[in-house]
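Peer 1: Sharing a structure below in structure tokens format, with a few things to ask.
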Amino acid sequence: MTSLSGKDLLGGPPPTLLPDERGPRELLEAGREPAEVAAQFPTSSAAWAALADAAFARGAVVESYAYARTGYHRGLDALRRAGWKGYGPVPFSHAPNQGFLRALHALGRAAAAIDEADEAQRIEQFLHDSDPSAKAQLSG
């Protein structure tokens, strides 16, 4: 249960809210190639997630896995810089968190596609723990 201040009234950590990555966000929204955005902003989870999604869509599952893993690790770095301690909510409703959550979802999807069942299950649990509504929003 969260109060209006964002503090968890049951004692859990507050939600982690990543800062806006305006440069990569604006380039991706303008239709710039994700590879160009990732090259210019290599720490952007959103750029790596876009690469992972595009690779998966064209059937390049191993390539998608690699892009998603990069986005996932870049996102973990950003979360830690934002004060995340390895657990707690990462709300999908906060737009700057969506790049990390998209990369996490893409990693789980690609892991499942290459029969990496244990990793796919861990990723699904991590996504659920971050935001229980994220999977439905990313799968739909």
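Chain lettering (A, B, ...) mirrors the order of the structure tokens, residue numbering begins at 1 for each chain separately, and ligand numbering begins at 1 in order of display.
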Write out as JSON, numbers by chain the residues lying within 9 Å of A:Ala38, counting only C-alpha atoms and excluding same-chain residues fewer than 4 positions away.
Peer 2: {"A": [24, 33, 34, 42, 43, 44, 45, 46, 47, 48, 51]}
Peer 1: Could you pull out the residues in chain A that DSSP calls alpha helix (DSSP H) from the backbone, as JSON, numbers by chain?
Peer 2: {"A": [22, 23, 24, 25, 26, 27, 28, 29, 34, 35, 36, 37, 38, 39, 40, 45, 46, 47, 48, 49, 50, 51, 52, 53, 54, 55, 56, 57, 61, 62, 63, 64, 65, 66, 67, 68, 69, 70, 71, 72, 73, 74, 75, 76, 77, 78, 79, 80, 81, 98, 99, 100, 101, 102, 103, 104, 105, 106, 107, 108, 109, 110, 111, 112, 113, 117, 118, 119, 120, 121, 122, 123, 124, 125, 126, 127, 128, 129, 130, 134, 135, 136, 137, 138, 139]}
Peer 1: Need the shell around A:Trp84: protein/DNA/RNA residues with any atom at most 10 Å away, counting only C-alpha atoms. Skip same-chain ones fewer than 5 positions apart. Format as an MDAnalysis selection string?
Peer 2: chainID A and resid 13:18 76:79 89:90
Peer 1: Report as number ranges by chain all protein, DNA and RNA residues lying within 8 Å of A:Leu104, evaluated on only C-alpha atoms, omitting residues in the same chain fewer than 2 positions from it.
Peer 2: A: 68-69, 71-72, 100-102, 106-108, 123, 127
Peer 1: I need the residue nearest A:Asp53 from this list: A:Arg122, A:His94, A:Arg81, A:His105. Use only C-alpha atoms for the distance.
Peer 2: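 Distance minimum relative to A:Asp53 lands on A:His105.
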Peer 1: At a cut-off of 9 Å, using only C-alpha atoms, what residues contact A:Pro19? Leave out same-chain residues fewer than 6 positions from it and give the result as number ranges by chain.
Peer 2: A: 78, 82, 96-97
Peer 1: Got time to write the residues from that selection, N, CA and C atoms, as a PDB file, in the first residue's frame?
Peer 2:
ATOM      1  N   ALA A  78      21.580   2.232 -14.089  1.00  0.00           N
ATOM      2  CA  ALA A  78      20.788   3.453 -13.879  1.00  0.00           C
ATOM      3  C   ALA A  78      19.946   3.347 -12.602  1.00  0.00           C
ATOM      4  N   ALA A  82      20.074   5.638  -9.170  1.00  0.00           N
ATOM      5  CA  ALA A  82      18.866   6.307  -8.679  1.00  0.00           C
ATOM      6  C   ALA A  82      18.499   5.876  -7.257  1.00  0.00           C
ATOM      7  N   PRO A  96      10.225   7.189 -17.806  1.00  0.00           N
ATOM      8  CA  PRO A  96      11.653   6.892 -17.882  1.00  0.00           C
ATOM      9  C   PRO A  96      12.034   5.475 -17.428  1.00  0.00           C
ATOM     10  N   ASN A  97      11.168   4.802 -16.665  1.00  0.00           N
ATOM     11  CA  ASN A  97      11.437   3.410 -16.259  1.00  0.00           C
ATOM     12  C   ASN A  97      11.141   2.416 -17.382  1.00  0.00           C
TER      13      ASN A  97
END
Peer 1: Hey, what's within 12 Å of A:Val61 if we count only C-alpha atoms and toss same-chain stuff fewer than 2 positions away? As a VMD selection string, please?
Peer 2: chain A and resid 51 to 59 63 to 68 106 to 115
Peer 1: For atom CA of A:Ala60 and atom CA of A:Leu27, quote the distance in Å rounded to one decimal.
Peer 2: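 Rounded to one decimal, the two atoms are 23.8 Å apart.
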Peer 1: Tell me, in Å to one decimal, how far atom CA of A:Glu36 is from atom CA of A:Gly99.
Peer 2: 16.1 Å
Peer 1: For A:Ala50, which of A:Gly23, A:Gly31, A:Pro132, A:Gly88 is the closest residue, counting only C-alpha atoms?
Peer 2: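 Checking each candidate against A:Ala50, we get A:Gly31 as the closest.
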